[in-house]
Amino acid sequence: MGMLIDGTWIDDDAKYRTGEGGAFVRAESVFRNFVTADGSSGYGAEPRRYHLFLAPSCPWAHRTQIVRRLKGLEDVISMTLSDRPRKRSWAYSQGIDELQPGENGVLELHDVYIAADPACTGRVTVPTLWDRQEKTIVNNESSEIIRMLNSEFNQWGDASIDLYPEAHRTEIDALNDRIYATVNNGVYRSGFAKTQDAYENAVGPMFETLDFLEDRLADRRYLVADHATEADWRLFVTLIRFDFVYFSHFKCNVRRIQDYPNLWNYTLDLYQTPGIAEIVDIDGIKKGYYGGQANVNPSGIVPVGPAIDLAQSHDRERFKAAA
Ligand SMILES: N[C@@H](CCC(=O)N[C@@H](CS)C(=O)NCC(=O)O)C(=O)O
C-alpha cells in the first residue's frame, strides 16, 4: 500500500501494518485538529474554506460524504472523489487551488500531505479535510470529521438535523465502540489477516455483533433514537458494502446481510433515505476493493455479481415514529 516516512513516500510498508500473530494493525490518523463554529481552535467554520478528499470505495470517506449531504453542506464544503487508479496514494484528476495535478495528470494525496507537513510520517488516507486558508490538513480521522460537520457548520447547513444528540451520546458512543472494533474495522481485520488464527479472531466477534444488532433492530427502526443517528450511518457504510464485497473479498462469509431480515431491511431503509442512494456507488466500491487491493486479489478481476436490488421495498415503516 505504501506510506510516508519523514515526508518521503515508501512503497513497502508491510512491517508497519502487521502486528503480533499476523493480525492487521490500523495506524492512528495523524492530523487531529478541529474546525469550530467560533474559530477558537484556530480553524473557524466558513463556507468554501474546507475541502474533503474522498474515494468512492472507502467506508470511512463515505461517512463524511453522507453527513455532508444530510446536513446540506454540499455548497459549503467542496469535495473530490478519487477517480484515477492508485499507483501510490489516492489519485485525483482534479486539483484545488495551488494543489494541481503533476505531469502525469494526477494529484496524488501524499503530495497534499507533504504540502501540509513536509516531514509527515504516517498513512495517507481518505477522508482528508484540507484547509484552503491555512494550507494544511485539519483532520484525517472520519469519526472526528463527521462530528465537525454535524455541529460546527449549522450557520450554513441544516441545524435541525442532529446526528449526535446530547441525550443519546453515551449510548451512541458505546455502540460505536463495539461496532467499530468488530464490524467497521472487523471486516479489514478479517480480510488483511495473515494467519488462520488472526482471521478467525476477527470473524467470530464480527458475527456475534451482527447477531446482537439483528436482535436490537427487531423492535426499533434505528439503533438508538427515533431517527437515524451517527451510530446508524457509521454502521450503514459497512453493511452496504458487505454482501457486494466483504462477504467474498474479505472472507466474511458466515452469513450475508441479506440472511438477517432486520439488518437487511434496515440497510435498505437507510439506503432509500432521500439523497443517499445517489451517493452510494456500488460499481466504484467493487472496483476499489477487487481492482485496487492486489494484496488480497492479485488478478484485479472485479466480480460481475451479486445481483441485488437495493430499490426493493423494506418493512421498517412498521415502527412508530415516536421513540
Ligand atoms: N481511521 C481512519 C481510517 C481511514 C482509512 O483507512 N482509509 C483507507 C481507505 S478505506 C485509506 O485511505 N487507506 C490508505 C492506506 O491505508 O494507505 C478514518 O476513519 O478516517
# chains A, B, ... in the order shown; residues from 1 in each chain; ligands from 1
$ residues_near_ligand --ligand "ligand 1" --cutoff "6 Å" --atoms "only C-alpha atoms and all ligand atoms" --output "VMD selection string"
chain A and resid 1 to 3 29 58 to 60 123 to 127 140 to 143
$ write_last_selection --atoms "N, CA and C atoms" --output "PDB file, in the first residue's frame"
ATOM      1  N   MET A   1       0.821  -1.219   0.000  1.00  0.00           N
ATOM      2  CA  MET A   1       0.000   0.000   0.000  1.00  0.00           C
ATOM      3  C   MET A   1       0.849   1.261   0.000  1.00  0.00           C
ATOM      4  N   GLY A   2       1.888   1.268   0.819  1.00  0.00           N
ATOM      5  CA  GLY A   2       2.774   2.426   0.862  1.00  0.00           C
ATOM      6  C   GLY A   2       2.335   3.469   1.877  1.00  0.00           C
ATOM      7  N   MET A   3       3.299   4.278   2.310  1.00  0.00           N
ATOM      8  CA  MET A   3       3.001   5.340   3.283  1.00  0.00           C
ATOM      9  C   MET A   3       4.127   6.379   3.250  1.00  0.00           C
ATOM     10  N   SER A  29      -4.681   7.945  12.888  1.00  0.00           N
ATOM     11  CA  SER A  29      -4.649   9.064  11.949  1.00  0.00           C
ATOM     12  C   SER A  29      -3.732  10.158  12.504  1.00  0.00           C
ATOM     13  N   CYS A  58     -14.285   3.825  -0.230  1.00  0.00           N
ATOM     14  CA  CYS A  58     -13.876   3.818   1.180  1.00  0.00           C
ATOM     15  C   CYS A  58     -15.029   4.095   2.159  1.00  0.00           C
ATOM     16  N   PRO A  59     -15.261   3.172   3.097  1.00  0.00           N
ATOM     17  CA  PRO A  59     -16.360   3.379   4.044  1.00  0.00           C
ATOM     18  C   PRO A  59     -16.127   4.562   4.979  1.00  0.00           C
ATOM     19  N   TRP A  60     -14.870   4.831   5.320  1.00  0.00           N
ATOM     20  CA  TRP A  60     -14.575   5.934   6.246  1.00  0.00           C
ATOM     21  C   TRP A  60     -14.829   7.265   5.542  1.00  0.00           C
ATOM     22  N   ARG A 123       0.235   7.114   7.448  1.00  0.00           N
ATOM     23  CA  ARG A 123      -0.538   6.619   6.328  1.00  0.00           C
ATOM     24  C   ARG A 123      -1.280   7.771   5.675  1.00  0.00           C
ATOM     25  N   VAL A 124      -1.461   7.642   4.378  1.00  0.00           N
ATOM     26  CA  VAL A 124      -2.117   8.689   3.594  1.00  0.00           C
ATOM     27  C   VAL A 124      -3.512   8.186   3.277  1.00  0.00           C
ATOM     28  N   THR A 125      -4.490   8.713   3.981  1.00  0.00           N
ATOM     29  CA  THR A 125      -5.814   8.101   3.948  1.00  0.00           C
ATOM     30  C   THR A 125      -6.923   9.089   3.576  1.00  0.00           C
ATOM     31  N   VAL A 126      -7.991   8.532   3.066  1.00  0.00           N
ATOM     32  CA  VAL A 126      -9.236   9.278   2.919  1.00  0.00           C
ATOM     33  C   VAL A 126     -10.158   8.849   4.044  1.00  0.00           C
ATOM     34  N   PRO A 127     -10.982   9.744   4.577  1.00  0.00           N
ATOM     35  CA  PRO A 127     -11.130  11.145   4.203  1.00  0.00           C
ATOM     36  C   PRO A 127      -9.994  12.014   4.754  1.00  0.00           C
ATOM     37  N   ASN A 140      -7.673  13.983   9.519  1.00  0.00           N
ATOM     38  CA  ASN A 140      -7.891  12.840   8.611  1.00  0.00           C
ATOM     39  C   ASN A 140      -8.474  11.643   9.358  1.00  0.00           C
ATOM     40  N   GLU A 141      -9.338  11.933  10.293  1.00  0.00           N
ATOM     41  CA  GLU A 141      -9.999  10.870  11.059  1.00  0.00           C
ATOM     42  C   GLU A 141     -11.516  11.034  10.889  1.00  0.00           C
ATOM     43  N   SER A 142     -12.124  10.078  10.204  1.00  0.00           N
ATOM     44  CA  SER A 142     -13.529  10.236   9.824  1.00  0.00           C
ATOM     45  C   SER A 142     -14.463  10.439  11.019  1.00  0.00           C
ATOM     46  N   SER A 143     -14.197   9.740  12.119  1.00  0.00           N
ATOM     47  CA  SER A 143     -15.116   9.850  13.268  1.00  0.00           C
ATOM     48  C   SER A 143     -15.135  11.274  13.804  1.00  0.00           C
TER      49      SER A 143
END
$ select_by_dssp --residues "range 91-222 of chain A" --states "alpha helix (DSSP H)" --output "VMD selection string"
chain A and resid 109 to 116 142 to 151 169 to 179 186 to 191 196 to 216
$ select_by_dssp --residues "range 89-132 of chain A" --states "strand (DSSP E or B)" --output "VMD selection string"
chain A and resid 91 to 92 96 99 107 to 108 122 128 to 131
$ write_last_selection --atoms "C-alpha atoms" --output "short mmCIF file (atom, residue, chain, number, x, y, z; two decimals), in the first residue's frame"
data_model
loop_
_atom_site.label_atom_id
_atom_site.label_comp_id
_atom_site.auth_asym_id
_atom_site.auth_seq_id
_atom_site.Cartn_x
_atom_site.Cartn_y
_atom_site.Cartn_z
CA ALA A 91 -5.16 9.83 -7.14
CA TYR A 92 -7.33 12.70 -8.46
CA ILE A 96 -7.79 22.51 -5.89
CA LEU A 99 -2.60 21.74 -5.40
CA LEU A 107 -2.80 14.90 -7.97
CA GLU A 108 -1.72 12.23 -5.51
CA GLY A 122 2.04 8.22 8.50
CA THR A 128 -8.71 14.08 4.45
CA LEU A 129 -10.03 17.54 5.39
CA TRP A 130 -7.94 20.29 3.77
CA ASP A 131 -7.99 23.95 4.87
#
$ closest_residue --among "A:Thr36, A:Met79, A:Leu4, A:Leu270" --to "Leu52 in chain A" --atoms "only C-alpha atoms"
A:Met79
$ closest_residue --among "A:Glu103, A:Asp97, A:Asp12, A:Asp283" --to "His51 in chain A" --atoms "only C-alpha atoms"
A:Asp97
$ closest_residue --among "A:Gln133, A:Ser82, A:Trp9, A:Ile179" --to "Glu98 in chain A" --atoms "only C-alpha atoms"
A:Gln133
$ closest_residue --among "A:Ala37, A:Val245, A:Ala167, A:Ile145" --to "Ala225 in chain A" --atoms "only C-alpha atoms"
A:Ala167
$ closest_atom_pairs --of "range 160-276 of chain A" --to "range 307-318 of chain A" --cutoff "7 Å" --atoms "only C-alpha atoms" --output "CSV"
residue,atom,partner,partner_atom,distance
A:Arg221,CA,A:Arg316,CA,6.1
A:Asn265,CA,A:His314,CA,5.1
A:Tyr266,CA,A:Arg316,CA,6.6
A:Leu268,CA,A:Leu310,CA,6.3
A:Asp269,CA,A:His314,CA,6.4
$ residues_around --residues "range 156-166 of chain A" --least-positions-apart "2" --cutoff "10 Å" --atoms "only C-alpha atoms" --output "PDB file with N, CA and C atoms, in the first residue's frame"
ATOM      1  N   ALA A  45     -15.230  27.719  11.245  1.00  0.00           N
ATOM      2  CA  ALA A  45     -16.142  27.248  10.198  1.00  0.00           C
ATOM      3  C   ALA A  45     -16.465  28.419   9.277  1.00  0.00           C
ATOM      4  N   GLU A  46     -16.298  28.214   7.991  1.00  0.00           N
ATOM      5  CA  GLU A  46     -16.592  29.249   6.989  1.00  0.00           C
ATOM      6  C   GLU A  46     -16.982  28.525   5.714  1.00  0.00           C
ATOM      7  N   PRO A  47     -17.875  29.117   4.933  1.00  0.00           N
ATOM      8  CA  PRO A  47     -18.207  28.451   3.669  1.00  0.00           C
ATOM      9  C   PRO A  47     -17.013  28.476   2.711  1.00  0.00           C
ATOM     10  N   VAL A  67     -22.716  12.499   5.777  1.00  0.00           N
ATOM     11  CA  VAL A  67     -23.075  13.560   6.729  1.00  0.00           C
ATOM     12  C   VAL A  67     -23.086  14.922   6.024  1.00  0.00           C
ATOM     13  N   ARG A  68     -22.146  15.134   5.121  1.00  0.00           N
ATOM     14  CA  ARG A  68     -22.131  16.379   4.331  1.00  0.00           C
ATOM     15  C   ARG A  68     -23.458  16.546   3.591  1.00  0.00           C
ATOM     16  N   ARG A  69     -23.960  15.459   3.028  1.00  0.00           N
ATOM     17  CA  ARG A  69     -25.228  15.552   2.299  1.00  0.00           C
ATOM     18  C   ARG A  69     -26.408  15.733   3.245  1.00  0.00           C
ATOM     19  N   LEU A  70     -26.469  14.941   4.311  1.00  0.00           N
ATOM     20  CA  LEU A  70     -27.619  15.027   5.224  1.00  0.00           C
ATOM     21  C   LEU A  70     -27.718  16.420   5.839  1.00  0.00           C
ATOM     22  N   LYS A  71     -26.550  17.028   6.109  1.00  0.00           N
ATOM     23  CA  LYS A  71     -26.542  18.339   6.747  1.00  0.00           C
ATOM     24  C   LYS A  71     -26.669  19.478   5.733  1.00  0.00           C
ATOM     25  N   GLY A  72     -26.779  19.155   4.465  1.00  0.00           N
ATOM     26  CA  GLY A  72     -26.964  20.193   3.451  1.00  0.00           C
ATOM     27  C   GLY A  72     -25.734  21.076   3.284  1.00  0.00           C
ATOM     28  N   LEU A  73     -24.565  20.456   3.319  1.00  0.00           N
ATOM     29  CA  LEU A  73     -23.319  21.244   3.273  1.00  0.00           C
ATOM     30  C   LEU A  73     -22.594  21.132   1.933  1.00  0.00           C
ATOM     31  N   GLU A  74     -23.324  20.729   0.894  1.00  0.00           N
ATOM     32  CA  GLU A  74     -22.612  20.471  -0.356  1.00  0.00           C
ATOM     33  C   GLU A  74     -22.056  21.725  -1.013  1.00  0.00           C
ATOM     34  N   ASP A  75     -22.708  22.876  -0.790  1.00  0.00           N
ATOM     35  CA  ASP A  75     -22.145  24.116  -1.344  1.00  0.00           C
ATOM     36  C   ASP A  75     -21.187  24.797  -0.367  1.00  0.00           C
ATOM     37  N   VAL A  76     -21.050  24.236   0.803  1.00  0.00           N
ATOM     38  CA  VAL A  76     -20.246  24.874   1.861  1.00  0.00           C
ATOM     39  C   VAL A  76     -18.863  24.239   1.952  1.00  0.00           C
ATOM     40  N   ILE A 146     -16.902  13.780  10.966  1.00  0.00           N
ATOM     41  CA  ILE A 146     -18.378  13.790  10.957  1.00  0.00           C
ATOM     42  C   ILE A 146     -18.951  14.571  12.143  1.00  0.00           C
ATOM     43  N   ARG A 147     -18.237  14.586  13.251  1.00  0.00           N
ATOM     44  CA  ARG A 147     -18.706  15.392  14.397  1.00  0.00           C
ATOM     45  C   ARG A 147     -18.668  16.875  14.051  1.00  0.00           C
ATOM     46  N   LEU A 149     -18.832  18.214  11.034  1.00  0.00           N
ATOM     47  CA  LEU A 149     -19.866  18.518  10.038  1.00  0.00           C
ATOM     48  C   LEU A 149     -21.239  18.565  10.704  1.00  0.00           C
ATOM     49  N   ASN A 150     -21.422  17.723  11.711  1.00  0.00           N
ATOM     50  CA  ASN A 150     -22.718  17.670  12.388  1.00  0.00           C
ATOM     51  C   ASN A 150     -23.010  18.936  13.180  1.00  0.00           C
ATOM     52  N   SER A 151     -21.979  19.486  13.838  1.00  0.00           N
ATOM     53  CA  SER A 151     -22.290  20.554  14.798  1.00  0.00           C
ATOM     54  C   SER A 151     -21.701  21.928  14.498  1.00  0.00           C
ATOM     55  N   GLU A 152     -20.649  22.019  13.701  1.00  0.00           N
ATOM     56  CA  GLU A 152     -19.935  23.299  13.615  1.00  0.00           C
ATOM     57  C   GLU A 152     -20.341  24.170  12.425  1.00  0.00           C
ATOM     58  N   PHE A 153     -21.084  23.622  11.483  1.00  0.00           N
ATOM     59  CA  PHE A 153     -21.424  24.396  10.277  1.00  0.00           C
ATOM     60  C   PHE A 153     -22.915  24.717  10.212  1.00  0.00           C
ATOM     61  N   ASN A 154     -23.564  24.732  11.389  1.00  0.00           N
ATOM     62  CA  ASN A 154     -25.029  24.889  11.385  1.00  0.00           C
ATOM     63  C   ASN A 154     -25.501  26.230  10.834  1.00  0.00           C
ATOM     64  N   HIS A 168     -28.420  11.158  23.885  1.00  0.00           N
ATOM     65  CA  HIS A 168     -28.125   9.770  23.481  1.00  0.00           C
ATOM     66  C   HIS A 168     -26.631   9.495  23.345  1.00  0.00           C
ATOM     67  N   ARG A 169     -25.802  10.441  23.787  1.00  0.00           N
ATOM     68  CA  ARG A 169     -24.372  10.313  23.481  1.00  0.00           C
ATOM     69  C   ARG A 169     -23.713   9.081  24.091  1.00  0.00           C
ATOM     70  N   THR A 170     -24.050   8.773  25.343  1.00  0.00           N
ATOM     71  CA  THR A 170     -23.404   7.625  25.997  1.00  0.00           C
ATOM     72  C   THR A 170     -23.726   6.345  25.236  1.00  0.00           C
ATOM     73  N   ILE A 172     -24.728   6.077  22.072  1.00  0.00           N
ATOM     74  CA  ILE A 172     -24.107   6.106  20.732  1.00  0.00           C
ATOM     75  C   ILE A 172     -22.630   5.726  20.840  1.00  0.00           C
ATOM     76  N   ASP A 173     -21.933   6.308  21.821  1.00  0.00           N
ATOM     77  CA  ASP A 173     -20.502   6.018  21.976  1.00  0.00           C
ATOM     78  C   ASP A 173     -20.263   4.530  22.234  1.00  0.00           C
ATOM     79  N   ALA A 225     -32.089   6.231  18.534  1.00  0.00           N
ATOM     80  CA  ALA A 225     -33.159   7.221  18.710  1.00  0.00           C
ATOM     81  C   ALA A 225     -34.318   6.921  17.759  1.00  0.00           C
ATOM     82  N   HIS A 227     -34.838   8.554  15.204  1.00  0.00           N
ATOM     83  CA  HIS A 227     -34.347   8.956  13.888  1.00  0.00           C
ATOM     84  C   HIS A 227     -32.934   8.393  13.749  1.00  0.00           C
ATOM     85  N   ALA A 228     -32.413   8.369  12.535  1.00  0.00           N
ATOM     86  CA  ALA A 228     -31.066   7.826  12.345  1.00  0.00           C
ATOM     87  C   ALA A 228     -30.049   8.765  12.986  1.00  0.00           C
ATOM     88  N   THR A 229     -29.100   8.203  13.701  1.00  0.00           N
ATOM     89  CA  THR A 229     -28.016   8.997  14.301  1.00  0.00           C
ATOM     90  C   THR A 229     -26.690   8.560  13.679  1.00  0.00           C
ATOM     91  N   GLU A 230     -25.659   9.197  14.169  1.00  0.00           N
ATOM     92  CA  GLU A 230     -24.304   8.844  13.751  1.00  0.00           C
ATOM     93  C   GLU A 230     -24.048   7.337  13.842  1.00  0.00           C
ATOM     94  N   ALA A 231     -24.570   6.699  14.886  1.00  0.00           N
ATOM     95  CA  ALA A 231     -24.330   5.251  15.057  1.00  0.00           C
ATOM     96  C   ALA A 231     -24.885   4.469  13.866  1.00  0.00           C
ATOM     97  N   ASP A 232     -26.030   4.886  13.354  1.00  0.00           N
ATOM     98  CA  ASP A 232     -26.625   4.194  12.208  1.00  0.00           C
ATOM     99  C   ASP A 232     -25.798   4.394  10.939  1.00  0.00           C
ATOM    100  N   TRP A 233     -25.395   5.630  10.702  1.00  0.00           N
ATOM    101  CA  TRP A 233     -24.670   5.889   9.449  1.00  0.00           C
ATOM    102  C   TRP A 233     -23.284   5.274   9.471  1.00  0.00           C
TER     103      TRP A 233
END
$ atom_distance --atom1 "CA of Gln100 in chain A" --atom2 "CA of Ile77 in chain A"
18.4 Å
$ atom_distance --atom1 "CA of Pro274 in chain A" --atom2 "CA of Arg241 in chain A"
19.0 Å
$ closest_residue --among "A:Ser78, A:Asn253, A:Gln155, A:Thr209" --to "Leu175 in chain A" --atoms "only C-alpha atoms"
A:Thr209
$ atom_distance --atom1 "CA of Thr121 in chain A" --atom2 "CA of Glu144 in chain A"
20.1 Å
$ closest_residue --among "A:Thr273, A:Gly105, A:Ala119, A:Phe24" --to "Val187 in chain A" --atoms "only C-alpha atoms"
A:Phe24
$ residues_around --residues "Tyr289 in chain A" --least-positions-apart "4" --cutoff "10 Å" --atoms "only C-alpha atoms" --output "CSV table (one decimal) with N, CA and C atoms, in the first residue's frame"
chain,number,residue,atom,x,y,z
A,57,SER,N,-14.8,4.0,-2.9
A,57,SER,CA,-14.9,2.7,-2.3
A,57,SER,C,-14.8,2.8,-0.8
A,58,CYS,N,-14.3,3.8,-0.2
A,58,CYS,CA,-13.9,3.8,1.2
A,58,CYS,C,-15.0,4.1,2.2
A,245,VAL,N,-19.0,-7.0,-1.3
A,245,VAL,CA,-17.5,-7.0,-1.3
A,245,VAL,C,-17.0,-7.9,-0.1
A,246,TYR,N,-17.3,-7.5,1.1
A,246,TYR,CA,-16.7,-8.1,2.3
A,246,TYR,C,-16.9,-9.6,2.4
A,249,HIS,N,-14.5,-11.0,-0.9
A,249,HIS,CA,-13.2,-10.4,-0.9
A,249,HIS,C,-12.5,-10.5,0.4
A,250,PHE,N,-13.2,-10.2,1.5
A,250,PHE,CA,-12.5,-10.3,2.8
A,250,PHE,C,-12.9,-11.6,3.6
A,284,GLY,N,-18.2,1.6,-8.1
A,284,GLY,CA,-17.0,2.2,-7.6
A,284,GLY,C,-16.5,1.4,-6.4
A,285,ILE,N,-17.4,1.0,-5.5
A,285,ILE,CA,-17.0,0.2,-4.3
A,285,ILE,C,-16.3,-1.1,-4.8
A,293,GLN,N,-6.9,-3.7,-4.6
A,293,GLN,CA,-6.2,-4.3,-3.4
A,293,GLN,C,-5.5,-5.6,-3.9
A,294,ALA,N,-4.4,-5.4,-4.6
A,294,ALA,CA,-3.7,-6.6,-5.2
A,294,ALA,C,-3.2,-7.5,-4.1
A,296,VAL,N,-4.9,-8.6,-1.7
A,296,VAL,CA,-6.0,-9.5,-1.4
A,296,VAL,C,-6.4,-10.2,-2.7
A,297,ASN,N,-6.5,-9.5,-3.8
A,297,ASN,CA,-7.0,-10.0,-5.1
A,297,ASN,C,-6.0,-9.7,-6.2
A,300,GLY,N,-6.9,-8.7,-9.8
A,300,GLY,CA,-7.7,-7.5,-10.0
A,300,GLY,C,-9.0,-7.6,-10.7
A,302,VAL,N,-12.8,-7.9,-11.2
A,302,VAL,CA,-13.9,-7.5,-10.4
A,302,VAL,C,-15.1,-8.4,-10.7
$ residues_around --residues "Ser41 in chain A" --least-positions-apart "5" --cutoff "12 Å" --atoms "only C-alpha atoms" --output "PDB file with N, CA and C atoms, in the first residue's frame"
ATOM      1  N   ARG A  32      -5.171  15.816  13.700  1.00  0.00           N
ATOM      2  CA  ARG A  32      -6.301  15.696  14.619  1.00  0.00           C
ATOM      3  C   ARG A  32      -6.793  17.045  15.140  1.00  0.00           C
ATOM      4  N   ASN A  33      -6.752  18.082  14.296  1.00  0.00           N
ATOM      5  CA  ASN A  33      -7.301  19.368  14.734  1.00  0.00           C
ATOM      6  C   ASN A  33      -8.796  19.434  14.438  1.00  0.00           C
ATOM      7  N   PHE A  34      -9.446  20.459  15.018  1.00  0.00           N
ATOM      8  CA  PHE A  34     -10.896  20.578  14.892  1.00  0.00           C
ATOM      9  C   PHE A  34     -11.308  21.920  14.307  1.00  0.00           C
ATOM     10  N   VAL A  35     -12.274  21.870  13.402  1.00  0.00           N
ATOM     11  CA  VAL A  35     -12.938  23.094  12.957  1.00  0.00           C
ATOM     12  C   VAL A  35     -14.016  23.404  14.000  1.00  0.00           C
ATOM     13  N   THR A  36     -14.075  24.679  14.416  1.00  0.00           N
ATOM     14  CA  THR A  36     -15.120  25.049  15.378  1.00  0.00           C
ATOM     15  C   THR A  36     -15.922  26.233  14.841  1.00  0.00           C
ATOM     16  N   VAL A 138      -6.493  19.697   8.292  1.00  0.00           N
ATOM     17  CA  VAL A 138      -7.036  19.870   9.641  1.00  0.00           C
ATOM     18  C   VAL A 138      -7.153  18.518  10.322  1.00  0.00           C
ATOM     19  N   MET A 148     -17.593  17.300  13.367  1.00  0.00           N
ATOM     20  CA  MET A 148     -17.489  18.722  12.982  1.00  0.00           C
ATOM     21  C   MET A 148     -18.607  19.085  12.007  1.00  0.00           C
ATOM     22  N   GLU A 152     -20.649  22.019  13.701  1.00  0.00           N
ATOM     23  CA  GLU A 152     -19.935  23.299  13.615  1.00  0.00           C
ATOM     24  C   GLU A 152     -20.341  24.170  12.425  1.00  0.00           C
TER      25      GLU A 152
END
$ decode --residues "range 144-207 of chain A" --atoms "C-alpha atoms" --output "CSV table (one decimal), in the first residue's frame"
chain,number,residue,atom,x,y,z
A,144,GLU,CA,-14.0,13.4,14.1
A,145,ILE,CA,-14.7,14.9,10.8
A,146,ILE,CA,-18.4,13.8,11.0
A,147,ARG,CA,-18.7,15.4,14.4
A,148,MET,CA,-17.5,18.7,13.0
A,149,LEU,CA,-19.9,18.5,10.0
A,150,ASN,CA,-22.7,17.7,12.4
A,151,SER,CA,-22.3,20.6,14.8
A,152,GLU,CA,-19.9,23.3,13.6
A,153,PHE,CA,-21.4,24.4,10.3
A,154,ASN,CA,-25.0,24.9,11.4
A,155,GLN,CA,-25.0,28.5,10.3
A,156,TRP,CA,-25.0,27.3,6.7
A,157,GLY,CA,-26.3,23.7,7.0
A,158,ASP,CA,-29.5,22.1,8.3
A,159,ALA,CA,-29.3,22.8,12.0
A,160,SER,CA,-32.5,20.8,12.6
A,161,ILE,CA,-30.6,17.5,11.9
A,162,ASP,CA,-28.5,16.4,14.9
A,163,LEU,CA,-26.8,13.1,14.4
A,164,TYR,CA,-25.2,13.1,17.9
A,165,PRO,CA,-27.9,14.3,20.2
A,166,GLU,CA,-26.9,15.2,23.7
A,167,ALA,CA,-29.4,12.8,25.4
A,168,HIS,CA,-28.1,9.8,23.5
A,169,ARG,CA,-24.4,10.3,23.5
A,170,THR,CA,-23.4,7.6,26.0
A,171,GLU,CA,-25.4,5.0,24.1
A,172,ILE,CA,-24.1,6.1,20.7
A,173,ASP,CA,-20.5,6.0,22.0
A,174,ALA,CA,-20.9,2.5,23.4
A,175,LEU,CA,-22.4,1.1,20.3
A,176,ASN,CA,-19.9,2.9,18.1
A,177,ASP,CA,-17.0,1.3,20.1
A,178,ARG,CA,-18.3,-2.2,19.7
A,179,ILE,CA,-19.4,-1.7,16.0
A,180,TYR,CA,-16.1,-0.1,15.1
A,181,ALA,CA,-13.9,-2.8,16.7
A,182,THR,CA,-15.8,-5.8,15.4
A,183,VAL,CA,-17.7,-4.7,12.3
A,184,ASN,CA,-16.3,-1.5,10.7
A,185,ASN,CA,-12.7,-2.5,11.3
A,186,GLY,CA,-13.5,-6.2,11.8
A,187,VAL,CA,-14.0,-6.7,8.1
A,188,TYR,CA,-10.5,-5.3,7.5
A,189,ARG,CA,-9.0,-7.4,10.3
A,190,SER,CA,-10.6,-10.4,8.6
A,191,GLY,CA,-9.5,-9.5,5.1
A,192,PHE,CA,-6.0,-8.4,5.9
A,193,ALA,CA,-5.2,-11.2,8.5
A,194,LYS,CA,-2.0,-13.1,7.7
A,195,THR,CA,-2.8,-16.2,9.8
A,196,GLN,CA,-5.8,-18.5,10.3
A,197,ASP,CA,-6.0,-17.5,13.9
A,198,ALA,CA,-5.9,-13.8,13.3
A,199,TYR,CA,-8.7,-14.3,10.7
A,200,GLU,CA,-10.9,-16.4,12.9
A,201,ASN,CA,-10.3,-13.9,15.8
A,202,ALA,CA,-11.8,-11.2,13.6
A,203,VAL,CA,-14.7,-13.2,12.0
A,204,GLY,CA,-16.1,-14.7,15.3
A,205,PRO,CA,-16.7,-11.4,17.1
A,206,MET,CA,-18.0,-9.8,13.8
A,207,PHE,CA,-20.8,-12.2,13.5
